[in-house]
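**Student:** Sharing work-v6.cif (mmCIF, C-alpha atoms) below.
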data_data
#
loop_
_atom_site.group_PDB
_atom_site.id
_atom_site.type_symbol
_atom_site.label_atom_id
_atom_site.label_comp_id
_atom_site.auth_asym_id
_atom_site.auth_seq_id
_atom_site.Cartn_x
_atom_site.Cartn_y
_atom_site.Cartn_z
ATOM 1 C CA MET A 1 16.111 9.499 -25.657
ATOM 2 C CA LYS A 2 12.825 8.703 -23.915
ATOM 3 C CA ILE A 3 12.119 10.093 -20.447
ATOM 4 C CA LEU A 4 9.081 9.402 -18.284
ATOM 5 C CA ILE A 5 8.228 11.932 -15.577
ATOM 6 C CA VAL A 6 6.098 10.460 -12.814
ATOM 7 C CA SER A 7 4.179 12.591 -10.341
ATOM 8 C CA ALA A 8 1.279 12.068 -7.981
ATOM 9 C CA THR A 9 -0.505 15.227 -9.130
ATOM 10 C CA GLU A 10 -0.356 17.342 -12.254
ATOM 11 C CA LYS A 11 0.155 20.602 -10.359
ATOM 12 C CA GLU A 12 3.540 19.392 -9.108
ATOM 13 C CA ILE A 13 4.967 19.305 -12.651
ATOM 14 C CA LEU A 14 2.625 21.684 -14.511
ATOM 15 C CA SER A 15 5.304 24.324 -15.068
ATOM 16 C CA VAL A 16 7.572 21.810 -16.823
ATOM 17 C CA LYS A 17 4.746 20.755 -19.117
ATOM 18 C CA LYS A 18 4.036 24.380 -20.015
ATOM 19 C CA ASN A 19 7.710 25.008 -20.765
ATOM 20 C CA LEU A 20 7.928 22.102 -23.196
ATOM 21 C CA LYS A 21 5.974 21.812 -26.416
ATOM 22 C CA ILE A 22 3.143 19.330 -26.038
ATOM 23 C CA ASN A 23 2.532 17.567 -29.359
ATOM 24 C CA VAL A 24 0.082 14.831 -28.507
ATOM 25 C CA SER A 25 -2.469 14.302 -25.774
ATOM 26 C CA ASN A 26 -3.637 10.737 -25.199
ATOM 27 C CA ALA A 27 -5.307 9.302 -22.102
ATOM 28 C CA CYS A 28 -5.999 11.718 -19.259
ATOM 29 C CA MET A 29 -3.068 10.359 -17.253
ATOM 30 C CA MET A 30 -0.406 10.760 -19.953
ATOM 31 C CA LYS A 31 0.774 13.577 -22.198
ATOM 32 C CA TYR A 32 3.691 13.554 -24.583
ATOM 33 C CA THR A 33 6.315 16.166 -25.324
ATOM 34 C CA VAL A 34 8.917 16.158 -28.078
ATOM 35 C CA VAL A 35 11.989 18.394 -27.855
ATOM 36 C CA LYS A 36 14.440 17.784 -30.718
ATOM 37 C CA ASP A 37 15.492 14.121 -30.287
ATOM 38 C CA LEU A 38 14.092 13.941 -26.772
ATOM 39 C CA VAL A 39 10.681 12.467 -25.967
ATOM 40 C CA VAL A 40 9.204 13.294 -22.560
ATOM 41 C CA ASP A 41 6.117 11.437 -21.332
ATOM 42 C CA TYR A 42 4.145 12.310 -18.229
ATOM 43 C CA LEU A 43 2.399 9.917 -15.882
ATOM 44 C CA ILE A 44 0.082 11.288 -13.202
ATOM 45 C CA THR A 45 -0.517 8.405 -10.823
ATOM 46 C CA GLY A 46 -2.575 9.839 -7.990
ATOM 47 C CA ALA A 47 -1.339 10.023 -4.404
ATOM 48 C CA GLY A 48 -0.255 6.896 -2.544
ATOM 49 C CA CYS A 49 1.504 3.600 -3.125
ATOM 50 C CA THR A 50 -1.388 1.615 -4.586
ATOM 51 C CA PHE A 51 -2.153 4.034 -7.407
ATOM 52 C CA THR A 52 1.538 4.628 -8.139
ATOM 53 C CA THR A 53 2.371 0.911 -8.318
ATOM 54 C CA TYR A 54 -0.490 0.100 -10.668
ATOM 55 C CA ALA A 55 -0.088 3.066 -13.019
ATOM 56 C CA LEU A 56 3.705 2.877 -13.250
ATOM 57 C CA SER A 57 3.773 -0.903 -13.719
ATOM 58 C CA GLN A 58 1.312 -0.672 -16.599
ATOM 59 C CA LYS A 59 3.243 2.159 -18.242
ATOM 60 C CA LEU A 60 6.667 0.498 -18.007
ATOM 61 C CA GLN A 61 5.343 -2.792 -19.335
ATOM 62 C CA ALA A 62 3.798 -1.005 -22.308
ATOM 63 C CA LYS A 63 6.758 1.183 -23.267
ATOM 64 C CA LYS A 64 10.528 1.252 -22.736
ATOM 65 C CA TYR A 65 12.236 4.327 -21.293
ATOM 66 C CA ASP A 66 15.852 5.402 -20.984
ATOM 67 C CA LEU A 67 15.135 7.274 -17.761
ATOM 68 C CA VAL A 68 12.200 7.501 -15.342
ATOM 69 C CA ILE A 69 12.003 10.487 -12.984
ATOM 70 C CA ASN A 70 9.801 10.718 -9.927
ATOM 71 C CA ALA A 71 9.181 14.387 -9.087
ATOM 72 C CA GLY A 72 7.077 15.818 -6.296
ATOM 73 C CA ILE A 73 6.965 17.593 -2.965
ATOM 74 C CA ALA A 74 7.821 16.130 0.435
ATOM 75 C CA GLY A 75 7.789 16.759 4.147
ATOM 76 C CA SER A 76 11.097 16.941 5.995
ATOM 77 C CA PHE A 77 12.193 15.420 9.303
ATOM 78 C CA ASN A 78 15.642 16.983 8.892
ATOM 79 C CA ALA A 79 16.013 20.448 10.403
ATOM 80 C CA ASP A 80 19.089 21.068 8.221
ATOM 81 C CA LEU A 81 16.888 21.079 5.139
ATOM 82 C CA LYS A 82 15.061 24.279 4.242
ATOM 83 C CA ILE A 83 11.591 24.648 2.796
ATOM 84 C CA GLY A 84 12.081 24.929 -0.952
ATOM 85 C CA ASP A 85 15.199 22.733 -1.055
ATOM 86 C CA VAL A 86 15.247 20.142 -3.834
ATOM 87 C CA VAL A 87 16.810 16.836 -2.817
ATOM 88 C CA TRP A 88 17.848 13.577 -4.445
ATOM 89 C CA VAL A 89 16.314 10.476 -2.863
ATOM 90 C CA GLU A 90 19.068 7.896 -2.553
ATOM 91 C CA ARG A 91 17.182 5.332 -0.433
ATOM 92 C CA ASP A 92 13.563 4.743 0.446
ATOM 93 C CA GLU A 93 11.518 2.260 2.423
ATOM 94 C CA PHE A 94 7.926 1.384 3.239
ATOM 95 C CA ALA A 95 7.177 2.829 6.677
ATOM 96 C CA GLY A 96 3.566 1.713 6.981
ATOM 97 C CA LEU A 97 3.906 -1.940 6.022
ATOM 98 C CA GLY A 98 4.132 -4.014 9.168
ATOM 99 C CA ILE A 99 2.691 -5.018 12.495
ATOM 100 C CA GLU A 100 1.701 -3.134 15.629
ATOM 101 C CA GLU A 101 2.273 -4.757 19.000
ATOM 102 C CA GLY A 102 1.135 -2.510 21.807
ATOM 103 C CA ASN A 103 3.056 0.735 21.438
ATOM 104 C CA ASN A 104 5.631 -0.771 19.083
ATOM 105 C CA PHE A 105 5.708 -1.039 15.300
ATOM 106 C CA TYR A 106 7.605 -3.793 13.495
ATOM 107 C CA THR A 107 8.235 -4.076 9.775
ATOM 108 C CA LEU A 108 7.630 -7.326 7.912
ATOM 109 C CA PHE A 109 11.399 -7.724 7.886
ATOM 110 C CA ASP A 110 11.600 -7.322 11.666
ATOM 111 C CA LYS A 111 9.121 -10.185 12.090
ATOM 112 C CA ASN A 112 10.749 -12.415 9.441
ATOM 113 C CA PHE A 113 7.757 -12.373 7.114
ATOM 114 C CA MET A 114 10.172 -11.210 4.400
ATOM 115 C CA ASP A 115 13.902 -11.550 3.842
ATOM 116 C CA PRO A 116 15.351 -8.007 4.088
ATOM 117 C CA ASN A 117 17.820 -8.846 1.309
ATOM 118 C CA ASP A 118 15.447 -10.409 -1.197
ATOM 119 C CA PHE A 119 15.628 -8.384 -4.420
ATOM 120 C CA PRO A 120 14.967 -5.526 -4.783
ATOM 121 C CA PHE A 121 15.543 -4.881 -1.069
ATOM 122 C CA ASN A 122 18.886 -4.299 0.590
ATOM 123 C CA ASN A 123 18.667 -4.598 4.368
ATOM 124 C CA GLY A 124 14.964 -3.832 4.079
ATOM 125 C CA GLN A 125 15.535 -0.674 2.066
ATOM 126 C CA LEU A 126 15.251 0.214 -1.609
ATOM 127 C CA GLU A 127 18.354 1.856 -3.037
ATOM 128 C CA ASN A 128 18.931 3.690 -6.292
ATOM 129 C CA PRO A 129 21.960 2.055 -7.953
ATOM 130 C CA ASN A 130 22.135 4.657 -10.734
ATOM 131 C CA ARG A 131 24.844 7.296 -10.677
ATOM 132 C CA PHE A 132 24.754 10.472 -12.753
ATOM 133 C CA LYS A 133 27.913 12.530 -13.197
ATOM 134 C CA GLN A 134 26.470 15.766 -14.585
ATOM 135 C CA ASN A 135 26.718 18.839 -12.339
ATOM 136 C CA VAL A 136 22.956 19.247 -12.154
ATOM 137 C CA PHE A 137 22.776 15.969 -10.256
ATOM 138 C CA GLN A 138 25.874 16.453 -8.145
ATOM 139 C CA SER A 139 24.488 19.703 -6.716
ATOM 140 C CA LEU A 140 21.505 17.921 -5.148
ATOM 141 C CA GLN A 141 21.710 16.848 -1.516
ATOM 142 C CA LYS A 142 21.203 13.101 -1.133
ATOM 143 C CA VAL A 143 18.602 11.969 1.391
ATOM 144 C CA LYS A 144 16.940 8.908 2.831
ATOM 145 C CA ALA A 145 13.152 8.777 2.561
ATOM 146 C CA ILE A 146 10.297 6.837 4.034
ATOM 147 C CA THR A 147 6.996 6.236 2.281
ATOM 148 C CA SER A 148 3.669 6.123 4.048
ATOM 149 C CA ASP A 149 0.057 6.275 2.903
ATOM 150 C CA ILE A 150 -0.476 8.539 5.912
ATOM 151 C CA THR A 151 1.237 11.920 6.084
ATOM 152 C CA HIS A 152 2.161 12.175 9.733
ATOM 153 C CA GLY A 153 0.767 15.086 11.745
ATOM 154 C CA ASN A 154 0.668 13.836 15.328
ATOM 155 C CA GLU A 155 3.551 14.424 17.743
ATOM 156 C CA LYS A 156 3.564 10.900 19.160
ATOM 157 C CA SER A 157 3.414 9.133 15.797
ATOM 158 C CA ILE A 158 6.024 11.502 14.350
ATOM 159 C CA GLU A 159 8.441 10.750 17.184
ATOM 160 C CA LYS A 160 7.928 7.008 16.755
ATOM 161 C CA ILE A 161 8.500 7.153 13.002
ATOM 162 C CA LYS A 162 11.636 9.281 13.448
ATOM 163 C CA GLN A 163 13.128 6.869 15.979
ATOM 164 C CA LYS A 164 12.229 3.804 13.922
ATOM 165 C CA PHE A 165 13.484 4.892 10.514
ATOM 166 C CA SER A 166 15.848 7.893 10.929
ATOM 167 C CA ALA A 167 14.721 9.311 7.596
ATOM 168 C CA ASP A 168 15.268 12.796 6.169
ATOM 169 C CA ILE A 169 11.968 13.114 4.299
ATOM 170 C CA GLU A 170 8.534 11.549 3.973
ATOM 171 C CA THR A 171 6.453 10.969 0.817
ATOM 172 C CA MET A 172 3.398 8.936 -0.115
ATOM 173 C CA GLU A 173 4.732 7.314 -3.310
ATOM 174 C CA GLY A 174 8.539 7.092 -3.263
ATOM 175 C CA ALA A 175 9.137 3.497 -2.177
ATOM 176 C CA ALA A 176 6.476 2.229 -4.598
ATOM 177 C CA PHE A 177 8.269 4.102 -7.403
ATOM 178 C CA PHE A 178 11.636 2.615 -6.386
ATOM 179 C CA TYR A 179 10.159 -0.880 -6.117
ATOM 180 C CA VAL A 180 8.582 -0.869 -9.580
ATOM 181 C CA CYS A 181 11.631 0.657 -11.291
ATOM 182 C CA LEU A 182 13.988 -1.855 -9.692
ATOM 183 C CA LYS A 183 11.748 -4.780 -10.591
ATOM 184 C CA GLU A 184 11.374 -3.525 -14.176
ATOM 185 C CA ASP A 185 15.141 -2.866 -14.439
ATOM 186 C CA VAL A 186 14.845 0.710 -15.667
ATOM 187 C CA GLN A 187 17.212 3.608 -14.964
ATOM 188 C CA PHE A 188 15.523 6.006 -12.552
ATOM 189 C CA MET A 189 15.890 8.934 -10.215
ATOM 190 C CA ALA A 190 13.668 10.564 -7.607
ATOM 191 C CA ILE A 191 13.780 14.248 -6.727
ATOM 192 C CA ARG A 192 11.652 15.976 -4.127
ATOM 193 C CA ALA A 193 11.189 19.580 -3.054
ATOM 194 C CA ILE A 194 10.581 20.300 0.619
ATOM 195 C CA SER A 195 7.187 21.934 1.139
ATOM 196 C CA ASN A 196 6.942 21.565 4.920
ATOM 197 C CA PHE A 197 8.417 20.026 8.031
ATOM 198 C CA VAL A 198 6.778 16.923 9.471
ATOM 199 C CA GLU A 199 5.151 18.261 12.622
ATOM 200 C CA GLU A 200 1.714 18.846 14.118
ATOM 201 C CA ARG A 201 -0.244 19.724 10.983
ATOM 202 C CA ASN A 202 -0.195 23.482 10.384
ATOM 203 C CA THR A 203 -0.416 24.463 6.726
ATOM 204 C CA GLN A 204 0.443 28.084 7.590
ATOM 205 C CA HIS A 205 4.032 26.874 7.988
ATOM 206 C CA TRP A 206 4.021 25.245 4.547
ATOM 207 C CA ASP A 207 5.163 26.758 1.258
ATOM 208 C CA ILE A 208 3.915 24.495 -1.508
ATOM 209 C CA PRO A 209 4.204 27.160 -4.263
ATOM 210 C CA LEU A 210 7.919 27.676 -3.487
ATOM 211 C CA ALA A 211 8.549 23.924 -3.417
ATOM 212 C CA ILE A 212 6.792 23.401 -6.746
ATOM 213 C CA LYS A 213 8.608 26.355 -8.319
ATOM 214 C CA ASN A 214 12.032 25.035 -7.282
ATOM 215 C CA LEU A 215 11.114 21.463 -8.213
ATOM 216 C CA ASN A 216 10.129 22.446 -11.756
ATOM 217 C CA HIS A 217 13.227 24.608 -12.175
ATOM 218 C CA LYS A 218 15.456 21.665 -11.246
ATOM 219 C CA LEU A 219 13.424 19.267 -13.376
ATOM 220 C CA LEU A 220 13.885 21.484 -16.427
ATOM 221 C CA GLU A 221 17.633 21.632 -15.732
ATOM 222 C CA ILE A 222 17.737 17.831 -15.709
ATOM 223 C CA ILE A 223 15.749 17.555 -18.935
ATOM 224 C CA ASN A 224 18.047 20.100 -20.613
ATOM 225 C CA VAL A 225 20.995 17.765 -19.958
ATOM 226 C CA TYR A 226 19.456 15.317 -22.428
ATOM 227 C CA LYS A 227 18.428 17.737 -25.180
#
With the file now loaded, output its structure as structure tokens.
**Tutor:**
Amino acid sequence: MKILIVSATEKEILSVKKNLKINVSNACMMKYTVVKDLVVDYLITGAGCTFTTYALSQKLQAKKYDLVINAGIAGSFNADLKIGDVVWVERDEFAGLGIEEGNNFYTLFDKNFMDPNDFPFNNGQLENPNRFKQNVFQSLQKVKAITSDITHGNEKSIEKIKQKFSADIETMEGAAFFYVCLKEDVQFMAIRAISNFVEERNTQHWDIPLAIKNLNHKLLEIINVYK
């Protein structure tokens, strides 16, 4: 069993790496762990869609995996989610790819530059077709995400993005991860831990350590399913 864990930064998955025996260290972006018959590779892409798309595409074309996991923190639009919650991203979409006209924003699908149902899109969104029956997966709340190279911190732009996309969470890499995995036809999942609410930027309201702690705990539970 070969698993690839993909994260924007090393600190988001550092606890998992410390909990598993690292046998080999190769390039700075990838480290390898072997646990019994399970091989776990790590890919640190850097934040944002461009870096994620390039790094993940190269990795998946060089090596085959049974499962690819995107793990990281996220901001929440959904008041029903709590800081520290770990969620399963069921759908994602690019929220910064489009056209501004006055005060309005239109996606490339809205303006017919792209067919919203051309693979791998479904009605302009990217969906995870994989289903996992183990309890560790079933316990995770399923959410819809948007992906933007800008983390929103302005009341007006936040309100616009909420009305346009009706998403639960926001990340900087998720849709790029979905896109590459779907195009490369690899089984994948994306989990995110809520570190903050998407609001006027105030890091005093954030709890990144709690989010990372809970994320790594859930990630280890998932890995243990395959040992």
**Student:** Using the chain letters and numbers from this file, what does the PyMOL selection byres ((chain A and resi 149) around 8) select? Give the answer as an mmCIF file with C-alpha atoms, in the coordinates of the input.
**Tutor:**
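Writing the result to selection21.cif gives the following:
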data_model
loop_
_atom_site.group_PDB
_atom_site.id
_atom_site.type_symbol
_atom_site.label_atom_id
_atom_site.label_comp_id
_atom_site.auth_asym_id
_atom_site.auth_seq_id
_atom_site.Cartn_x
_atom_site.Cartn_y
_atom_site.Cartn_z
ATOM 1 C CA GLY A 48 -0.255 6.896 -2.544
ATOM 2 C CA CYS A 49 1.504 3.600 -3.125
ATOM 3 C CA GLY A 96 3.566 1.713 6.981
ATOM 4 C CA THR A 147 6.996 6.236 2.281
ATOM 5 C CA SER A 148 3.669 6.123 4.048
ATOM 6 C CA ILE A 150 -0.476 8.539 5.912
ATOM 7 C CA THR A 151 1.237 11.920 6.084
ATOM 8 C CA MET A 172 3.398 8.936 -0.115
ATOM 9 C CA GLU A 173 4.732 7.314 -3.310
#
**Student:** Check which residues satisfy the PyMOL selection byres ((chain A and resi 187) around 6) in the file shown, then give them as a ChimeraX atom specification.
**Tutor:** /A:67,186,188
**Student:** Would you mind reading off the distance between atom CA of Lys227 of chain A and atom CA of Gln58 of chain A, one decimal, in Å?
**Tutor:** 26.6 Å
**Student:** Using all atoms listed in the file, which residue out of A:Pro120, A:Ala190, A:Glu93, A:Gln163 lies closest to Leu108 of chain A?
**Tutor:**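 Ranked by minimum distance to Leu108 of chain A, first place goes to A:Glu93.
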**Student:** Set the distance at 10 Å and use only C-alpha atoms: which residues neighbour Lys64 of chain A once local chain neighbours fewer than 5 positions away are removed? I'd like the list as a VMD selection string.
**Tutor:** chain A and resid 2 to 4 59 184 186
**Student:** Just the selected residues (C-alpha atoms), exported as a short mmCIF file (atom, residue, chain, number, x, y, z; two decimals), in the coordinates of the input, please.
**Tutor:**
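Output contents, as saved in part19.cif:
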data_model
loop_
_atom_site.label_atom_id
_atom_site.label_comp_id
_atom_site.auth_asym_id
_atom_site.auth_seq_id
_atom_site.Cartn_x
_atom_site.Cartn_y
_atom_site.Cartn_z
CA LYS A 2 12.82 8.70 -23.92
CA ILE A 3 12.12 10.09 -20.45
CA LEU A 4 9.08 9.40 -18.28
CA LYS A 59 3.24 2.16 -18.24
CA GLU A 184 11.37 -3.52 -14.18
CA VAL A 186 14.84 0.71 -15.67
#
**Student:** Neighbours of Leu215 of chain A within 7 Å (all atoms listed in the file; same-chain residues fewer than 4 positions away dropped), as a PyMOL selection string?
**Tutor:** chain A and resi 86+192-193+211+219
**Student:** Suppose you want the space between atom CA of Lys63 of chain A and atom CA of Ile44 of chain A; what is it in Å?
**Tutor:** 15.7 Å
**Student:** Given all atoms listed in the file as the basis, pick out the residue of A:Val87, A:Ile194, A:Ala175, A:Ile146 nearest to Trp206 of chain A.
**Tutor:** A:Ile194
**Student:** To one decimal place in Å, what is the distance between atom CA of Thr171 of chain A and atom CA of Thr9 of chain A?
**Tutor:** 12.9 Å
**Student:** Residues at most 12 Å from Asn135 of chain A, counting only C-alpha atoms, excluding those fewer than 2 positions away in the same chain, as JSON, numbers by chain?
**Tutor:** {"A": [131, 132, 133, 137, 138, 139, 140, 218, 221, 222, 225]}
**Student:** At a cut-off of 12 Å from (14.0, 9.5, 11.2) in the coordinates of the file, what residues are picked up using all atoms listed in the file, written as an mmCIF file with C-alpha atoms, keeping the file's coordinate frame?
**Tutor:**
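Output below, filename point_11.cif:
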data_model
loop_
_atom_site.group_PDB
_atom_site.id
_atom_site.type_symbol
_atom_site.label_atom_id
_atom_site.label_comp_id
_atom_site.auth_asym_id
_atom_site.auth_seq_id
_atom_site.Cartn_x
_atom_site.Cartn_y
_atom_site.Cartn_z
ATOM 1 C CA GLY A 75 7.789 16.759 4.147
ATOM 2 C CA SER A 76 11.097 16.941 5.995
ATOM 3 C CA PHE A 77 12.193 15.420 9.303
ATOM 4 C CA ASN A 78 15.642 16.983 8.892
ATOM 5 C CA ALA A 79 16.013 20.448 10.403
ATOM 6 C CA ASP A 92 13.563 4.743 0.446
ATOM 7 C CA GLU A 93 11.518 2.260 2.423
ATOM 8 C CA ALA A 95 7.177 2.829 6.677
ATOM 9 C CA VAL A 143 18.602 11.969 1.391
ATOM 10 C CA LYS A 144 16.940 8.908 2.831
ATOM 11 C CA ALA A 145 13.152 8.777 2.561
ATOM 12 C CA ILE A 146 10.297 6.837 4.034
ATOM 13 C CA THR A 147 6.996 6.236 2.281
ATOM 14 C CA SER A 157 3.414 9.133 15.797
ATOM 15 C CA ILE A 158 6.024 11.502 14.350
ATOM 16 C CA GLU A 159 8.441 10.750 17.184
ATOM 17 C CA LYS A 160 7.928 7.008 16.755
ATOM 18 C CA ILE A 161 8.500 7.153 13.002
ATOM 19 C CA LYS A 162 11.636 9.281 13.448
ATOM 20 C CA GLN A 163 13.128 6.869 15.979
ATOM 21 C CA LYS A 164 12.229 3.804 13.922
ATOM 22 C CA PHE A 165 13.484 4.892 10.514
ATOM 23 C CA SER A 166 15.848 7.893 10.929
ATOM 24 C CA ALA A 167 14.721 9.311 7.596
ATOM 25 C CA ASP A 168 15.268 12.796 6.169
ATOM 26 C CA ILE A 169 11.968 13.114 4.299
ATOM 27 C CA GLU A 170 8.534 11.549 3.973
ATOM 28 C CA VAL A 198 6.778 16.923 9.471
#
